[in-house]
Amino acid sequence: MPETPDPDLAAGDADRQPEPTPPPTVALAPVAGALVGGPDDAPFVDPAEQAQTLKFHFTPRAALAGEMERLQNENPHAKATWQVPKVIAALQDRFADAVTDVVGYAGETTVFVEKGAIADVCLFLRDEVGFDYLTDIGTVDRFTEEDRFEVFYNVCALKARKRIRLKVLVDEEDPVVPTVTGVWKGANWHEREAWDMMGIRFSGHPDMRRIYMPEDFEYHPARKEFPTLGIPGSLPLPPNHPDGELQPDPFPRAHGQIPKDLSTDADD
Amino acid sequence: MSVTDQNTPNMNAAAPGSAEDLFTFWPRHNAAIYQALADRHTQVEIEQAAEQAAVEDARAAAGGERQRVVAGDGADVSAVPMIAEDPLESRMILNLGPQHPATHGALRIVCQLDGETIDKCLLDLGYLHRGIEKLAEVKTYQEFMPYTDRMDYMSPYSNNVAWCLAVEKLAGIEAPPRATWLRTIGCELARISSHLLWVGTMVMDAGALSVFLWTFKYREEIYSIFDEVAGARFTVSHSRIGGLAFDYSDTSLSMIASFCDDFEKQIADWKKLLNRNRIWIDRNKDVGVLTADEAIAEGYTGPCIRASGVEHDIRIFEPYLVYDQLDFNIPIRTEGDSLARYFVRIEEMEESVKIIRQCLAKLPKGPVRVDNAKAAYPSKDEVYYSMEGMIHDFMMTDTGVAPPKGAESYHAIESPKGELGFHLVSDGTGSPWRVKATTGSFKNLQGLETMMEGAMVADSVVLIGSVDPVIGDSDK
């Protein structure tokens, strides 16, 4: 019998709850027996909601109190490269309004920056602090009502052997971030990847095309609401023979369809 | 919905008469590529613009007003129009790939040629995109590890280790010392294997076949070692979160030792053949020159950035595994051309042999997996002969490691292609909330676009080879 979800997990910190809109293809078996027919004073739990919480794996008990702090401070893989107290102080001093928060886990440093100031902060880091090398730009879909997306920038100082991570919160209504291609030329493809996979645009980017998916594709697959099995008809593939039609759904069986008989197709 | 409903006309079809209508397949995609190619400035234009900008700046300093216009590729082209005339009709657009033997995988390169020179070049990725970052979100941390074998499929062992180290950092697990030393051996063997393939195919791209046969003989030996170590030749999946699947056998350790002896002599022979080979040097010297500043700005990584004189290697930058306890050198060249990249890689193989020798000498005894049922699989003895062991094995398979909610970390290793890192976000369950992989081939290919511009068509194959792309790695 599946474990009932931890009430703390459901109530507190609701913005990190994985509540993806259920794709129609994923069969959610409601655990009806466990939920209906309980004592009368038990609070009503919607079986559909319950099933979503248990969708892929049961949720283990919430992190022990203090576990997070312990791992923050005593991680066996913590690296000296992430220790940058002076840089944080300089950032807070220079960009007092733009730097909203500094958080850390496993000895790493993440600086939250206001979206509009990201290019200035990056330019400051590159020219005046020596963070000359951009390792990566990535995105996180937090699936929250407000500030749904995060864009993070992993930046290196090659000579000083230091790392820092900048982070920007992006709202779903206005998923546009100023580009940093003017600071690090190598940001170009990383930003294109963020646009392709997560649907975050970068204003001022020189070549804002998709990078993996073709332009004809209309979705952003790394978003949480995108189903793992794909969307039928979203990406036509070439016909099986020269006179055939495009294949609208290359994986019909996965979507509950019976594929068209190839021999009859050839005869058409 | 019936089957025929799905065969309605493609909703992505282009409007008749539009530019997209020229293409029968993925019309918008192809139209966008050709438009981007047309919008790109050639190297000649960028140089002219830089000269012009210098003149304008001087004028502005003298008191005038000046408006800067930054072009698509970051160049200041306010004064220089694009060169549109082509009276001799010497320009053409050439598609290399995606099915092309010299592109090392399904990589498409669209270039505009002016005679035999490449004017502009665009790379089209995605022909091997499997979306493994998305797949990771519906798998447990351990379940995802075999997918990393398929990323940079020239060095599966180090991909496994990169993933396991990233998860161990996120969950705060420390693997036992013997596992760490053995992982180092495996990673260096993977580096040799990857560089062997590179040397072989690179020399073959440049026109000689025999080196390819010799390097593949030794690659085959490494495969035999991996077969003995992990039970699989290619996609090893030998690492586990919290250690290794099982210990290296005595046979495999002696195979590794004898491989090192034999291989060192062999590298010396190859160096004799290639280092002063007239044809090899003519094909590679001063081809695809990359200065240190360019390499840093464009985000090159791995042997490519080290061949340009930048001292950046994750093994030194932030030592992981046992690299801080080993004595080895990081080969660096300052020329930045294709030949320098060859020297860096061939010397790296020699250093890898040195590293493996030291690891074999210092290899400690002990368990190869952490003895904590919340962090790693129990041993098979426990699983077969105790109830708790079986329950723990079941729990590890079902849920596995569950790092605390909200934890977020990044761990990188120096893979043969460059920095390979995983940025992980946990939601407190057994599967990651978000995985973002940073791969060497992606970053190196990005720079290839500008490296190709101004080069000869005949050198394009050498240039593609010299950055050593693996499309499984760049497309993810």
# chains A, B, ... in the order shown; residues from 1 in each chain; ligands from 1
>>> residues_around(residues="Ser431 (chain B)", least_positions_apart="2", cutoff="9 Å", atoms="only C-alpha atoms", output="PyMOL selection string")
(chain A and resi 56-57) or (chain B and resi 136-142+399-402+426-429+433-434)
>>> write_last_selection(atoms="C-alpha atoms", output="PDB file, in the first residue's frame")
ATOM      1  CA  PHE A  56       6.123   8.179 -10.488  1.00  0.00           C
ATOM      2  CA  HIS A  57       7.571   7.135  -7.157  1.00  0.00           C
TER       3      HIS A  57
ATOM      4  CA  ALA B 136      16.153  11.927 -16.144  1.00  0.00           C
ATOM      5  CA  GLU B 137      13.170  13.609 -14.491  1.00  0.00           C
ATOM      6  CA  VAL B 138      11.136  10.394 -14.601  1.00  0.00           C
ATOM      7  CA  LYS B 139      13.932   8.051 -13.531  1.00  0.00           C
ATOM      8  CA  THR B 140      15.652   7.437 -10.255  1.00  0.00           C
ATOM      9  CA  TYR B 141      19.189   8.755  -9.971  1.00  0.00           C
ATOM     10  CA  GLN B 142      20.678   5.302 -10.450  1.00  0.00           C
ATOM     11  CA  THR B 399      13.290   4.980  -4.873  1.00  0.00           C
ATOM     12  CA  GLY B 400      17.040   5.075  -4.395  1.00  0.00           C
ATOM     13  CA  VAL B 401      18.882   8.050  -3.093  1.00  0.00           C
ATOM     14  CA  ALA B 402      16.638  10.966  -2.153  1.00  0.00           C
ATOM     15  CA  SER B 426      16.260  17.881  -6.088  1.00  0.00           C
ATOM     16  CA  ASP B 427      12.649  17.992  -4.960  1.00  0.00           C
ATOM     17  CA  GLY B 428      13.199  15.519  -2.166  1.00  0.00           C
ATOM     18  CA  THR B 429      12.059  12.478  -4.139  1.00  0.00           C
ATOM     19  CA  TRP B 433      13.561  17.691 -10.435  1.00  0.00           C
ATOM     20  CA  ARG B 434      15.873  19.070 -13.088  1.00  0.00           C
TER      21      ARG B 434
END
>>> closest_atom_pairs(of="region 122-175 of chain B", to="region 445-454 of chain B", cutoff="12 Å", atoms="only C-alpha atoms", output="JSON lines")
{"residue": "B:Leu122", "atom": "CA", "partner": "B:Glu449", "partner_atom": "CA", "distance": 5.8}
{"residue": "B:Leu123", "atom": "CA", "partner": "B:Glu449", "partner_atom": "CA", "distance": 6.6}
{"residue": "B:Asp124", "atom": "CA", "partner": "B:Glu449", "partner_atom": "CA", "distance": 10.2}
{"residue": "B:Leu125", "atom": "CA", "partner": "B:Leu445", "partner_atom": "CA", "distance": 9.5}
>>> write_last_selection(atoms="N, CA and C atoms", output="PDB file, in the first residue's frame")
ATOM      1  N   LEU B 122      27.295  27.929 -40.632  1.00  0.00           N
ATOM      2  CA  LEU B 122      26.347  27.718 -39.529  1.00  0.00           C
ATOM      3  C   LEU B 122      26.266  26.227 -39.252  1.00  0.00           C
ATOM      4  N   LEU B 123      26.174  25.889 -37.986  1.00  0.00           N
ATOM      5  CA  LEU B 123      26.026  24.482 -37.601  1.00  0.00           C
ATOM      6  C   LEU B 123      24.582  24.221 -37.201  1.00  0.00           C
ATOM      7  N   ASP B 124      24.069  23.097 -37.621  1.00  0.00           N
ATOM      8  CA  ASP B 124      22.703  22.723 -37.264  1.00  0.00           C
ATOM      9  C   ASP B 124      22.769  21.466 -36.405  1.00  0.00           C
ATOM     10  N   LEU B 125      22.459  21.639 -35.138  1.00  0.00           N
ATOM     11  CA  LEU B 125      22.502  20.499 -34.214  1.00  0.00           C
ATOM     12  C   LEU B 125      21.122  19.849 -34.130  1.00  0.00           C
TER      13      LEU B 125
END
>>> closest_residue(among="B:Asp327, B:Asp381, B:Glu408, B:Asp286", to="chain A", atoms="only C-alpha atoms")
B:Glu408
>>> residues_around(residues="region 173-184 of chain A", least_positions_apart="3", cutoff="6 Å", atoms="only C-alpha atoms", output="ChimeraX atom specification")
/A:119,123,170,187-188,200-205 /B:297
>>> residues_around(residues="Trp26 (chain B)", least_positions_apart="3", cutoff="7 Å", atoms="only C-alpha atoms", output="VMD selection string")
(chain A and resid 214 216) or (chain B and resid 29 to 30)
>>> closest_residue(among="A:Arg253, A:Arg209, A:His241, A:Lys167", to="Cys122 (chain A)", atoms="only C-alpha atoms")
A:Lys167
>>> closest_residue(among="A:Thr109, A:Thr81, A:Asn73, A:Gln92", to="chain B", atoms="only C-alpha atoms")
A:Thr81
>>> residues_around(residues="Arg183 (chain B)", least_positions_apart="3", cutoff="12 Å", atoms="only C-alpha atoms", output="short mmCIF file (atom, residue, chain, number, x, y, z; two decimals) with C-alpha atoms, in the first residue's frame")
data_model
loop_
_atom_site.label_atom_id
_atom_site.label_comp_id
_atom_site.auth_asym_id
_atom_site.auth_seq_id
_atom_site.Cartn_x
_atom_site.Cartn_y
_atom_site.Cartn_z
CA TYR B 157 33.28 5.27 -18.07
CA SER B 158 34.04 8.89 -17.28
CA ASN B 159 30.43 9.90 -18.01
CA ASN B 160 29.23 7.36 -15.44
CA VAL B 161 31.68 8.70 -12.91
CA ALA B 162 30.67 12.29 -13.66
CA CYS B 164 27.69 9.48 -9.85
CA LEU B 165 29.93 12.21 -8.44
CA ALA B 175 32.52 6.76 -1.87
CA PRO B 176 35.16 4.57 -0.15
CA PRO B 177 38.83 5.18 -1.07
CA ARG B 178 39.32 2.07 -3.18
CA ALA B 179 36.34 2.96 -5.35
CA THR B 180 37.73 6.47 -5.84
CA GLY B 186 38.67 3.89 -15.36
CA CYS B 187 38.42 7.57 -16.23
CA GLU B 188 41.97 7.68 -17.53
CA LEU B 189 41.46 4.51 -19.56
CA ALA B 190 38.39 6.18 -21.05
CA VAL B 229 36.20 -5.05 -15.46
CA SER B 237 27.79 1.31 -16.60
CA HIS B 238 30.22 0.15 -13.97
CA SER B 239 29.97 3.02 -11.53
CA ARG B 240 27.25 3.19 -8.90
CA ILE B 241 26.09 5.98 -6.67
CA GLY B 242 28.26 5.52 -3.58
CA GLY B 243 30.99 3.49 -5.26
CA LEU B 244 31.30 0.83 -7.94
CA ALA B 245 29.17 -2.11 -8.98
CA PHE B 246 31.96 -4.54 -8.08
CA ASP B 247 35.69 -4.63 -7.57
CA TYR B 248 38.24 -4.87 -10.38
CA TYR B 320 37.97 15.58 -7.79
CA LEU B 321 38.54 11.84 -7.17
CA VAL B 322 42.22 11.51 -6.22
CA TYR B 323 43.83 13.88 -8.69
CA ILE B 355 48.36 8.42 -13.74
CA ILE B 356 47.18 4.84 -14.14
CA CYS B 359 46.95 4.52 -9.14
CA LEU B 360 47.91 0.86 -9.51
CA LEU B 363 45.60 1.33 -4.81
CA VAL B 368 34.20 -0.52 -3.27
CA ARG B 369 30.74 0.67 -2.21
CA ILE B 413 34.90 16.47 -14.21
#
>>> residues_around(residues="Gly302 (chain B)", least_positions_apart="2", cutoff="6 Å", atoms="only C-alpha atoms", output="ChimeraX atom specification")
/B:304-305,417-418
>>> write_last_selection(atoms="N, CA and C atoms", output="short mmCIF file (atom, residue, chain, number, x, y, z; two decimals), in the first residue's frame")
data_model
loop_
_atom_site.label_atom_id
_atom_site.label_comp_id
_atom_site.auth_asym_id
_atom_site.auth_seq_id
_atom_site.Cartn_x
_atom_site.Cartn_y
_atom_site.Cartn_z
N CYS B 304 41.04 21.66 -26.57
CA CYS B 304 41.01 22.81 -27.46
C CYS B 304 41.49 24.08 -26.77
N ILE B 305 41.05 24.29 -25.53
CA ILE B 305 41.44 25.53 -24.84
C ILE B 305 42.89 25.41 -24.37
N LYS B 417 36.62 15.22 -23.66
CA LYS B 417 36.20 16.30 -24.54
C LYS B 417 36.24 17.65 -23.85
N GLY B 418 36.44 17.66 -22.55
CA GLY B 418 36.44 18.91 -21.82
C GLY B 418 35.59 18.79 -20.57
#
>>> closest_residue(among="B:Val353, B:Leu37, B:Ala50, B:Cys121", to="chain A", atoms="only C-alpha atoms")
B:Leu37
>>> atom_distance(atom1="CA of Ala268 (chain B)", atom2="CA of Ala208 (chain B)")
18.3 Å
>>> residues_around(residues="Ile231 (chain A)", least_positions_apart="4", cutoff="9 Å", atoms="only C-alpha atoms", output="list in words")
Tyr219, Phe226, Pro227, Leu235, Asp249 and His255 of chain A
>>> write_last_selection(atoms="N, CA and C atoms", output="PDB file, in the first residue's frame")
ATOM      1  N   TYR A 219       6.612  23.674 -29.349  1.00  0.00           N
ATOM      2  CA  TYR A 219       6.577  23.509 -27.886  1.00  0.00           C
ATOM      3  C   TYR A 219       7.977  23.636 -27.316  1.00  0.00           C
ATOM      4  N   PHE A 226       5.089  19.545 -20.487  1.00  0.00           N
ATOM      5  CA  PHE A 226       5.285  18.806 -21.735  1.00  0.00           C
ATOM      6  C   PHE A 226       5.372  17.317 -21.422  1.00  0.00           C
ATOM      7  N   PRO A 227       4.536  16.482 -22.056  1.00  0.00           N
ATOM      8  CA  PRO A 227       4.549  15.061 -21.708  1.00  0.00           C
ATOM      9  C   PRO A 227       5.811  14.355 -22.216  1.00  0.00           C
ATOM     10  N   LEU A 235       5.651  17.059 -34.693  1.00  0.00           N
ATOM     11  CA  LEU A 235       6.917  17.039 -35.425  1.00  0.00           C
ATOM     12  C   LEU A 235       6.839  16.000 -36.533  1.00  0.00           C
ATOM     13  N   ASP A 249       2.827  11.381 -36.807  1.00  0.00           N
ATOM     14  CA  ASP A 249       3.159  10.865 -35.482  1.00  0.00           C
ATOM     15  C   ASP A 249       4.055   9.640 -35.637  1.00  0.00           C
ATOM     16  N   HIS A 255       0.988   6.579 -28.357  1.00  0.00           N
ATOM     17  CA  HIS A 255      -0.120   7.492 -28.096  1.00  0.00           C
ATOM     18  C   HIS A 255      -1.464   6.799 -28.234  1.00  0.00           C
TER      19      HIS A 255
END
>>> closest_residue(among="A:Phe112, A:Tyr105, A:Phe152, A:Trp195", to="chain B", atoms="only C-alpha atoms")
A:Tyr105
>>> atom_distance(atom1="CA of Val467 (chain B)", atom2="CA of Met204 (chain B)")
15.1 Å
